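J.: What follows is work.pdb; its format and atoms are PDB, C-alpha atoms.
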MODEL        1
ATOM      1  CA  MET A   1      68.997  12.602   1.954
ATOM      2  CA  ASN A   2      69.700  15.114   4.752
ATOM      3  CA  PHE A   3      67.000  13.657   7.033
ATOM      4  CA  SER A   4      68.247  10.076   6.520
ATOM      5  CA  LEU A   5      71.795  11.310   7.213
ATOM      6  CA  PHE A   6      70.536  12.877  10.436
ATOM      7  CA  LEU A   7      68.752   9.699  11.601
ATOM      8  CA  VAL A   8      71.709   7.432  10.806
ATOM      9  CA  ALA A   9      74.115   9.747  12.633
ATOM     10  CA  LEU A  10      71.762  10.016  15.611
ATOM     11  CA  GLY A  11      71.431   6.249  16.065
ATOM     12  CA  LEU A  12      75.072   5.456  15.338
ATOM     13  CA  SER A  13      76.276   8.159  17.721
ATOM     14  CA  ALA A  14      74.081   6.951  20.608
ATOM     15  CA  PHE A  15      75.364   3.388  20.116
ATOM     16  CA  LEU A  16      79.036   4.434  19.878
ATOM     17  CA  HIS A  17      78.880   6.711  22.934
ATOM     18  CA  PHE A  18      77.434   3.837  24.974
ATOM     19  CA  LEU A  19      79.887   1.242  23.624
ATOM     20  CA  ILE A  20      83.033   3.367  23.980
ATOM     21  CA  GLN A  21      82.130   4.314  27.545
ATOM     22  CA  LYS A  22      81.757   0.634  28.476
ATOM     23  CA  VAL A  23      85.239  -0.059  27.052
ATOM     24  CA  PHE A  24      86.770   2.778  29.068
ATOM     25  CA  ILE A  25      84.977   1.683  32.231
ATOM     26  CA  TYR A  26      86.253  -1.877  31.690
ATOM     27  CA  TYR A  27      89.828  -0.550  31.566
ATOM     28  CA  ASN A  28      89.250   1.821  34.535
ATOM     29  CA  ARG A  29      89.739   4.984  32.479
ATOM     30  CA  PHE A  30      87.595   7.417  34.484
ATOM     31  CA  ASP A  31      87.651  11.185  34.768
ATOM     32  CA  ASP A  32      89.537  12.122  37.936
ATOM     33  CA  PHE A  33      87.933  14.160  40.728
ATOM     34  CA  ASN A  34      89.911  17.222  41.788
ATOM     35  CA  HIS A  35      89.454  20.740  43.153
ATOM     36  CA  ARG A  36      88.248  21.955  39.742
ATOM     37  CA  SER A  37      85.746  19.156  39.096
ATOM     38  CA  SER A  38      82.079  20.060  38.883
ATOM     39  CA  HIS A  39      81.008  16.419  39.236
ATOM     40  CA  LYS A  40      81.279  13.760  41.941
ATOM     41  CA  THR A  41      80.251  10.695  39.993
ATOM     42  CA  LEU A  42      81.854   8.179  37.659
ATOM     43  CA  ALA A  43      82.450   9.711  34.235
ATOM     44  CA  THR A  44      84.532   9.058  31.132
ATOM     45  CA  ARG A  45      86.069  11.539  28.697
ATOM     46  CA  THR A  46      84.881   9.677  25.625
ATOM     47  CA  GLY A  47      82.423  12.083  23.994
ATOM     48  CA  GLY A  48      84.906  13.352  21.430
ATOM     49  CA  ILE A  49      85.849   9.829  20.340
ATOM     50  CA  GLY A  50      82.184   8.960  19.789
ATOM     51  CA  LEU A  51      81.598  12.111  17.745
ATOM     52  CA  PHE A  52      84.653  11.555  15.579
ATOM     53  CA  LEU A  53      83.946   7.864  14.944
ATOM     54  CA  THR A  54      80.350   8.653  13.949
ATOM     55  CA  LEU A  55      81.597  11.170  11.397
ATOM     56  CA  LEU A  56      84.335   8.789  10.208
ATOM     57  CA  ILE A  57      82.089   5.734   9.736
ATOM     58  CA  ILE A  58      79.420   7.674   7.825
ATOM     59  CA  SER A  59      82.074   9.345   5.674
ATOM     60  CA  LEU A  60      83.790   6.024   4.892
ATOM     61  CA  PHE A  61      80.466   4.555   3.772
ATOM     62  CA  HIS A  62      79.940   7.449   1.345
ATOM     63  CA  TYR A  63      83.602   7.459   0.277
ATOM     64  CA  PHE A  64      83.578   3.778  -0.733
ATOM     65  CA  ASN A  65      80.352   4.442  -2.616
ATOM     66  CA  LYS A  66      82.162   7.295  -4.420
ATOM     67  CA  ILE A  67      79.936   9.977  -2.891
ATOM     68  CA  GLU A  68      81.677  13.103  -1.585
ATOM     69  CA  ILE A  69      79.330  14.732   0.923
ATOM     70  CA  PHE A  70      81.996  17.193   2.114
ATOM     71  CA  ASP A  71      85.732  17.830   1.816
ATOM     72  CA  TYR A  72      87.202  14.615   3.281
ATOM     73  CA  SER A  73      90.642  16.235   3.616
ATOM     74  CA  LEU A  74      89.197  17.958   6.700
ATOM     75  CA  PHE A  75      89.744  14.664   8.535
ATOM     76  CA  ILE A  76      93.452  15.544   8.705
ATOM     77  CA  PRO A  77      93.082  18.639  10.954
ATOM     78  CA  LEU A  78      90.018  17.262  12.766
ATOM     79  CA  GLY A  79      91.641  13.887  13.444
ATOM     80  CA  THR A  80      94.936  15.445  14.499
ATOM     81  CA  MET A  81      93.248  17.686  17.053
ATOM     82  CA  LEU A  82      91.189  14.780  18.379
ATOM     83  CA  ILE A  83      94.369  12.735  18.926
ATOM     84  CA  VAL A  84      96.104  15.676  20.628
ATOM     85  CA  GLY A  85      93.113  16.095  22.945
ATOM     86  CA  VAL A  86      92.763  12.382  23.764
ATOM     87  CA  TYR A  87      96.488  12.217  24.532
ATOM     88  CA  ASP A  88      96.036  15.185  26.859
ATOM     89  CA  ASP A  89      93.072  13.447  28.543
ATOM     90  CA  LEU A  90      95.164  10.343  29.214
ATOM     91  CA  TYR A  91      98.597  11.807  29.952
ATOM     92  CA  ASN A  92      98.107  15.539  30.736
ATOM     93  CA  ALA A  93     100.157  16.996  27.885
ATOM     94  CA  ASP A  94     102.087  20.212  28.431
ATOM     95  CA  PHE A  95     100.181  23.252  27.147
ATOM     96  CA  LYS A  96     103.228  24.388  25.127
ATOM     97  CA  LEU A  97     103.175  21.099  23.199
ATOM     98  CA  LYS A  98      99.438  21.481  22.530
ATOM     99  CA  PHE A  99     100.021  25.063  21.391
ATOM    100  CA  PHE A 100     102.724  23.957  18.975
ATOM    101  CA  LEU A 101     100.539  21.205  17.511
ATOM    102  CA  GLN A 102      97.630  23.640  17.157
ATOM    103  CA  ILE A 103      99.855  25.912  15.065
ATOM    104  CA  ILE A 104     100.740  22.955  12.826
ATOM    105  CA  VAL A 105      97.056  22.092  12.367
ATOM    106  CA  ALA A 106      96.284  25.739  11.550
ATOM    107  CA  LYS A 107      98.988  25.611   8.865
ATOM    108  CA  ILE A 108      97.440  22.409   7.471
ATOM    109  CA  LEU A 109      94.101  24.214   7.123
ATOM    110  CA  ILE A 110      95.826  27.124   5.391
ATOM    111  CA  ASP A 111      97.447  24.757   2.882
ATOM    112  CA  GLN A 112      94.015  23.223   2.262
ATOM    113  CA  GLY A 113      92.698  26.652   1.280
ATOM    114  CA  TYR A 114      91.003  27.628   4.555
ATOM    115  CA  VAL A 115      92.595  31.013   5.179
ATOM    116  CA  ILE A 116      91.564  34.542   6.210
ATOM    117  CA  SER A 117      92.653  36.461   3.106
ATOM    118  CA  ASN A 118      90.149  39.315   3.421
ATOM    119  CA  TYR A 119      89.306  41.496   6.457
ATOM    120  CA  TYR A 120      86.124  42.857   4.803
ATOM    121  CA  GLY A 121      86.835  46.423   5.934
ATOM    122  CA  LEU A 122      88.006  45.614   9.483
ATOM    123  CA  PHE A 123      90.754  48.119  10.424
ATOM    124  CA  GLY A 124      90.167  49.574   6.957
ATOM    125  CA  GLN A 125      91.602  46.442   5.345
ATOM    126  CA  TYR A 126      90.154  44.209   2.647
ATOM    127  CA  GLU A 127      92.464  41.892   0.681
ATOM    128  CA  VAL A 128      95.606  41.348   2.756
ATOM    129  CA  PRO A 129      99.122  40.104   1.867
ATOM    130  CA  TRP A 130      99.672  36.322   2.021
ATOM    131  CA  PHE A 131     101.953  36.489   5.067
ATOM    132  CA  LEU A 132      99.379  38.524   7.016
ATOM    133  CA  ALA A 133      96.604  36.173   5.870
ATOM    134  CA  GLN A 134      98.506  33.158   7.234
ATOM    135  CA  PHE A 135      99.442  34.910  10.477
ATOM    136  CA  SER A 136      95.825  35.996  11.005
ATOM    137  CA  THR A 137      94.538  32.474  10.384
ATOM    138  CA  VAL A 138      96.970  30.901  12.863
ATOM    139  CA  PHE A 139      96.192  33.544  15.502
ATOM    140  CA  VAL A 140      92.410  33.214  15.098
ATOM    141  CA  PHE A 141      92.716  29.415  15.128
ATOM    142  CA  LEU A 142      94.534  29.506  18.478
ATOM    143  CA  VAL A 143      91.973  31.915  19.931
ATOM    144  CA  VAL A 144      88.894  30.034  18.708
ATOM    145  CA  VAL A 145      90.039  26.490  19.548
ATOM    146  CA  ASN A 146      91.210  27.457  23.022
ATOM    147  CA  SER A 147      88.107  29.565  23.724
ATOM    148  CA  ILE A 148      85.948  26.522  22.896
ATOM    149  CA  ASN A 149      88.169  24.319  25.042
ATOM    150  CA  PHE A 150      87.909  26.774  27.952
ATOM    151  CA  ILE A 151      84.100  26.546  28.189
ATOM    152  CA  ASP A 152      84.167  22.776  28.636
ATOM    153  CA  GLY A 153      83.590  23.026  32.367
ATOM    154  CA  LEU A 154      79.832  22.665  32.670
ATOM    155  CA  ASP A 155      77.541  19.842  31.571
ATOM    156  CA  GLY A 156      76.010  20.646  28.187
ATOM    157  CA  LEU A 157      77.539  24.127  27.786
ATOM    158  CA  LEU A 158      80.136  23.480  25.087
ATOM    159  CA  ILE A 159      77.930  21.276  22.911
ATOM    160  CA  THR A 160      75.112  23.844  23.165
ATOM    161  CA  GLN A 161      77.416  26.633  21.994
ATOM    162  CA  VAL A 162      78.663  24.477  19.100
ATOM    163  CA  LEU A 163      75.096  23.641  18.037
ATOM    164  CA  LYS A 164      74.194  27.341  18.220
ATOM    165  CA  THR A 165      77.188  28.216  16.025
ATOM    166  CA  ILE A 166      76.288  25.656  13.335
ATOM    167  CA  PHE A 167      72.613  26.687  13.335
ATOM    168  CA  LEU A 168      73.317  30.427  13.066
ATOM    169  CA  ILE A 169      75.910  30.100  10.300
ATOM    170  CA  GLU A 170      73.667  27.832   8.224
ATOM    171  CA  PHE A 171      70.482  29.826   8.937
ATOM    172  CA  PHE A 172      71.958  33.175   7.906
ATOM    173  CA  SER A 173      73.608  31.792   4.780
ATOM    174  CA  SER A 174      72.003  32.885   1.495
ATOM    175  CA  SER A 175      72.488  29.280   0.381
ATOM    176  CA  PHE A 176      73.577  26.486   2.693
ATOM    177  CA  SER A 177      77.340  26.310   3.205
ATOM    178  CA  SER A 178      79.546  23.536   1.819
ATOM    179  CA  LEU A 179      79.750  22.248   5.405
ATOM    180  CA  LEU A 180      76.033  21.468   5.666
ATOM    181  CA  PRO A 181      76.434  17.628   5.518
ATOM    182  CA  ILE A 182      79.117  17.612   8.215
ATOM    183  CA  GLY A 183      76.963  20.048  10.212
ATOM    184  CA  ILE A 184      73.958  17.690  10.023
ATOM    185  CA  ILE A 185      76.092  14.726  11.107
ATOM    186  CA  MET A 186      77.582  16.648  14.018
ATOM    187  CA  ILE A 187      74.230  18.005  15.216
ATOM    188  CA  ALA A 188      72.781  14.474  15.232
ATOM    189  CA  SER A 189      75.926  13.080  16.884
ATOM    190  CA  ILE A 190      75.897  15.720  19.614
ATOM    191  CA  LEU A 191      72.239  15.296  20.624
ATOM    192  CA  PRO A 192      72.717  11.920  22.427
ATOM    193  CA  LEU A 193      75.484  13.546  24.461
ATOM    194  CA  TYR A 194      72.876  15.625  26.305
ATOM    195  CA  TYR A 195      71.520  12.422  27.810
ATOM    196  CA  PHE A 196      74.952  11.038  28.720
ATOM    197  CA  ASN A 197      76.303  14.428  29.813
ATOM    198  CA  LEU A 198      73.399  15.489  32.037
ATOM    199  CA  LYS A 199      72.431  12.192  33.669
ATOM    200  CA  LYS A 200      73.423  11.645  37.312
ATOM    201  CA  ASN A 201      75.503   8.466  37.003
ATOM    202  CA  GLN A 202      78.073   7.202  34.482
ATOM    203  CA  LYS A 203      78.353  10.501  32.681
ATOM    204  CA  ILE A 204      80.151  11.005  29.375
ATOM    205  CA  PHE A 205      82.245  14.148  29.042
ATOM    206  CA  LEU A 206      83.716  15.487  25.820
ATOM    207  CA  GLY A 207      87.196  15.591  27.289
ATOM    208  CA  ASP A 208      89.963  17.596  25.649
ATOM    209  CA  GLY A 209      89.648  15.255  22.673
ATOM    210  CA  GLY A 210      86.064  16.387  22.135
ATOM    211  CA  SER A 211      86.644  20.060  22.876
ATOM    212  CA  MET A 212      89.691  20.224  20.566
ATOM    213  CA  PHE A 213      87.798  18.362  17.847
ATOM    214  CA  LEU A 214      84.702  20.588  18.102
ATOM    215  CA  GLY A 215      86.851  23.708  18.480
ATOM    216  CA  THR A 216      88.551  22.863  15.183
ATOM    217  CA  LEU A 217      85.158  22.260  13.557
ATOM    218  CA  VAL A 218      83.939  25.662  14.779
ATOM    219  CA  MET A 219      87.102  27.254  13.390
ATOM    220  CA  ILE A 220      86.490  25.609  10.004
ATOM    221  CA  TYR A 221      82.971  27.075  10.076
ATOM    222  CA  ILE A 222      84.399  30.523  10.889
ATOM    223  CA  LEU A 223      86.876  30.236   7.998
ATOM    224  CA  THR A 224      83.989  29.236   5.736
ATOM    225  CA  VAL A 225      82.069  32.377   6.765
ATOM    226  CA  LEU A 226      85.126  34.507   5.966
ATOM    227  CA  ASP A 227      85.545  32.888   2.548
ATOM    228  CA  PRO A 228      84.246  34.977  -0.401
ATOM    229  CA  SER A 229      81.915  32.111  -1.421
ATOM    230  CA  TYR A 230      79.861  32.450   1.789
ATOM    231  CA  GLN A 231      77.151  35.084   1.504
ATOM    232  CA  ILE A 232      74.980  36.301   4.381
ATOM    233  CA  LEU A 233      71.264  36.690   3.626
ATOM    234  CA  PRO A 234      70.913  39.935   1.604
ATOM    235  CA  GLU A 235      68.413  41.479   4.052
ATOM    236  CA  TYR A 236      71.204  41.588   6.678
ATOM    237  CA  SER A 237      74.045  43.956   5.786
ATOM    238  CA  ILE A 238      76.269  43.018   8.734
ATOM    239  CA  ASN A 239      80.029  42.862   8.227
ATOM    240  CA  LYS A 240      81.200  39.233   7.851
ATOM    241  CA  VAL A 241      83.975  39.610  10.426
ATOM    242  CA  VAL A 242      81.530  41.049  12.970
ATOM    243  CA  PHE A 243      79.064  38.248  12.158
ATOM    244  CA  ALA A 244      81.783  35.609  12.731
ATOM    245  CA  ILE A 245      82.656  37.160  16.093
ATOM    246  CA  LEU A 246      79.011  37.326  17.182
ATOM    247  CA  VAL A 247      78.284  33.634  16.568
ATOM    248  CA  ILE A 248      81.044  32.668  19.033
ATOM    249  CA  LEU A 249      80.803  35.713  21.285
ATOM    250  CA  TYR A 250      80.390  33.829  24.560
ATOM    251  CA  PRO A 251      83.526  31.637  24.253
ATOM    252  CA  LEU A 252      85.552  34.684  23.181
ATOM    253  CA  THR A 253      84.234  36.805  26.060
ATOM    254  CA  ASP A 254      84.913  34.064  28.590
ATOM    255  CA  LEU A 255      88.450  33.531  27.262
ATOM    256  CA  LEU A 256      89.226  37.242  27.505
ATOM    257  CA  GLN A 257      87.924  37.700  31.056
ATOM    258  CA  VAL A 258      89.675  34.544  32.316
ATOM    259  CA  PHE A 259      92.997  35.628  30.796
ATOM    260  CA  ILE A 260      92.669  39.086  32.373
ATOM    261  CA  LEU A 261      91.837  37.678  35.829
ATOM    262  CA  ARG A 262      94.634  35.092  35.785
ATOM    263  CA  ILE A 263      97.279  37.541  34.590
ATOM    264  CA  LYS A 264      96.074  40.077  37.177
ATOM    265  CA  ASP A 265      96.573  37.398  39.868
ATOM    266  CA  GLY A 266     100.070  36.705  38.562
ATOM    267  CA  LYS A 267      99.133  33.234  37.267
ATOM    268  CA  SER A 268      99.588  31.585  33.898
ATOM    269  CA  PRO A 269      96.509  32.182  31.712
ATOM    270  CA  PHE A 270      96.606  28.480  30.822
ATOM    271  CA  ILE A 271      96.369  27.172  34.409
ATOM    272  CA  ALA A 272      92.765  26.005  34.850
ATOM    273  CA  ASP A 273      90.567  27.349  37.651
ATOM    274  CA  GLN A 274      86.906  28.105  38.350
ATOM    275  CA  LYS A 275      86.878  31.790  37.440
ATOM    276  CA  HIS A 276      85.014  31.287  34.175
ATOM    277  CA  LEU A 277      81.753  33.155  33.632
ATOM    278  CA  HIS A 278      79.803  29.893  33.632
ATOM    279  CA  HIS A 279      81.342  28.847  36.959
ATOM    280  CA  ILE A 280      80.332  32.178  38.496
ATOM    281  CA  LEU A 281      76.776  31.869  37.158
ATOM    282  CA  ASN A 282      76.518  28.229  38.212
ATOM    283  CA  ARG A 283      77.402  29.126  41.800
ATOM    284  CA  LYS A 284      74.407  31.482  41.760
ATOM    285  CA  LEU A 285      71.967  29.168  39.983
ATOM    286  CA  ASN A 286      73.304  25.865  41.348
ATOM    287  CA  SER A 287      72.265  24.069  38.162
ATOM    288  CA  HIS A 288      74.334  23.184  35.086
ATOM    289  CA  LEU A 289      71.213  23.050  32.907
ATOM    290  CA  LYS A 290      69.855  26.422  34.064
ATOM    291  CA  THR A 291      73.260  28.050  33.601
ATOM    292  CA  THR A 292      73.661  26.572  30.113
ATOM    293  CA  LEU A 293      70.178  27.720  29.069
ATOM    294  CA  LEU A 294      70.698  31.217  30.513
ATOM    295  CA  ILE A 295      73.977  31.628  28.615
ATOM    296  CA  LEU A 296      72.317  30.362  25.422
ATOM    297  CA  PHE A 297      69.370  32.753  25.879
ATOM    298  CA  LEU A 298      71.613  35.766  26.522
ATOM    299  CA  SER A 299      73.889  34.839  23.599
ATOM    300  CA  ILE A 300      70.973  34.681  21.173
ATOM    301  CA  ILE A 301      69.417  37.912  22.493
ATOM    302  CA  ILE A 302      72.711  39.786  22.059
ATOM    303  CA  PHE A 303      73.243  38.232  18.621
ATOM    304  CA  ILE A 304      69.760  39.142  17.363
ATOM    305  CA  SER A 305      69.948  42.655  18.850
ATOM    306  CA  LEU A 306      73.257  43.427  17.110
ATOM    307  CA  ILE A 307      72.065  41.878  13.846
ATOM    308  CA  ILE A 308      68.977  44.129  13.909
ATOM    309  CA  ILE A 309      71.035  47.223  14.793
ATOM    310  CA  SER A 310      73.413  46.510  11.919
TER     311      SER A 310
ENDMDL
END
How does this structure look as structure tokens?

T.:
Amino acid sequence: MNFSLFLVALGLSAFLHFLIQKVFIYYNRFDDFNHRSSHKTLATRTGGIGLFLTLLIISLFHYFNKIEIFDYSLFIPLGTMLIVGVYDDLYNADFKLKFFLQIIVAKILIDQGYVISNYYGLFGQYEVPWFLAQFSTVFVFLVVVNSINFIDGLDGLLITQVLKTIFLIEFFSSSFSSLLPIGIIMIASILPLYYFNLKKNQKIFLGDGGSMFLGTLVMIYILTVLDPSYQILPEYSINKVVFAILVILYPLTDLLQVFILRIKDGKSPFIADQKHLHHILNRKLNSHLKTTLLILFLSIIIFISLIIIS
């Protein structure tokens, strides 16, 4: 079942990425070149649309056959964030509007039962009051989604970090999480993007639609880890909050250092520039692929080291 799901998603995703790009090229919807661009070739911001449609089509097939492979209500927050991101790609939405809509989506997740109600000993706290649980969930949602969005500046980097997150959370689970089917579909859907993202001509970028969509998916995975039903393998006694932070350590670290640098320079932390860690590394290595692999290698080494120490 899982292998067939993977193969179907892989083939469908490759076809949709190709088809959607052709439609955007036909209507002259290309990614603009500017002072922050790391590419000088024709590209479309259609990766997120391809990922979402792959997930939607496969889910509709199972839904009409009365098979629930995951919680289909997740399409509400995932679809909303995709639309917000695609709108931003096309019309450059104000960051305050995006922030407001992200808070609404976080509240939707809370009402669906995805909420941080236990700190598992962090700051000496365990079960927390409902107001604090909601506030924490909204705050973490904003941090996680925007940290994922911020690393979408290098070919292959964001999708690699998302794949790493899904793999680690599923691998260290004592029994696979309830998100395993959606994880399999997304892994298979992401893989063709490496070809379209790293090739020299007619690239496909995730765009804000893709980064917002995947950022929300990562957040749902983090909320799943922090749910009492998720249990880390018994041979690892690491705190669940620490574990959740470690699986997305690079995006969080990059977000923090960029905010500090921008505020220090008297600029808005939401005004994009090339002061990200991956931009700095890429200027040294002069290769998106090498930079992406180095960040992945260092992330895994740090993760494993801290897991062993714990």

J.: From the options A:Ile238, A:Lys164, A:Ala93, A:Thr224, which residue's atoms come nearest to Leu296 (chain A), counting all atoms listed in the file?

T.: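 For Leu296 (chain A), the nearest of the given residues is A:Lys164.
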
J.: Fewer than 2 positions away in the same chain doesn't count, so skip those; otherwise give me all residues within 9 Å of Ser310 (chain A), counting all atoms listed in the file, as a ChimeraX atom specification.

T.: /A:236-239,305-308

J.: I'd like the interatomic distance between CA of Tyr250 (chain A) and CA of Asp273 (chain A), to a tenth of an Å.

T.: 17.8 Å

J.: Can you spell out as a tab-separated table (two decimals) with C-alpha atoms, in the frame of the given file the set of residues that the PyMOL selection byres ((chain A and resi 193) around 9) selects in the structure I just provided?

T.:
chain	number	residue	atom	x	y	z
A	13	SER	CA	76.28	8.16	17.72
A	14	ALA	CA	74.08	6.95	20.61
A	17	HIS	CA	78.88	6.71	22.93
A	47	GLY	CA	82.42	12.08	23.99
A	156	GLY	CA	76.01	20.65	28.19
A	159	ILE	CA	77.93	21.28	22.91
A	189	SER	CA	75.93	13.08	16.88
A	190	ILE	CA	75.90	15.72	19.61
A	191	LEU	CA	72.24	15.30	20.62
A	192	PRO	CA	72.72	11.92	22.43
A	194	TYR	CA	72.88	15.62	26.30
A	195	TYR	CA	71.52	12.42	27.81
A	196	PHE	CA	74.95	11.04	28.72
A	197	ASN	CA	76.30	14.43	29.81
A	198	LEU	CA	73.40	15.49	32.04
A	204	ILE	CA	80.15	11.00	29.38
A	205	PHE	CA	82.24	14.15	29.04
A	206	LEU	CA	83.72	15.49	25.82

J.: How would you write, as a list of chain:residue names, the residues chosen by the PyMOL selection byres ((chain A and resi 230-235) around 8) on this structure?

T.: A:Phe172, A:Ser173, A:Ser174, A:Ser175, A:Ser177, A:Thr224, A:Val225, A:Leu226, A:Asp227, A:Pro228, A:Ser229, A:Tyr236, A:Ser237, A:Lys240

J.: Rank A:Leu217, A:Leu298, A:Ala188, A:Pro181 by their smallest atom-to-atom distance to Glu68 (chain A), using only C-alpha atoms, and report the top residue only.

T.: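 Among the listed residues, the smallest separation from Glu68 (chain A) belongs to A:Pro181.
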
J.: Quick one: distance from CA of Gln202 (chain A) to CA of Thr44 (chain A) in Å, one decimal?

T.: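 Value for the CA of Gln202 (chain A)-CA of Thr44 (chain A) distance: 7.5 Å.
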
J.: By how many Å are CA of Lys275 (chain A) and CA of Leu154 (chain A) apart?

T.: 12.5 Å

J.: Find the residues around Pro251 (chain A) up to 8 Å (all atoms listed in the file counted), leave out those fewer than 3 positions away in its own chain, and share them as a list of chain:residue names.

T.: A:Val144, A:Ser147, A:Ile148, A:Phe150, A:Ile151, A:Ile248, A:Asp254, A:Leu255
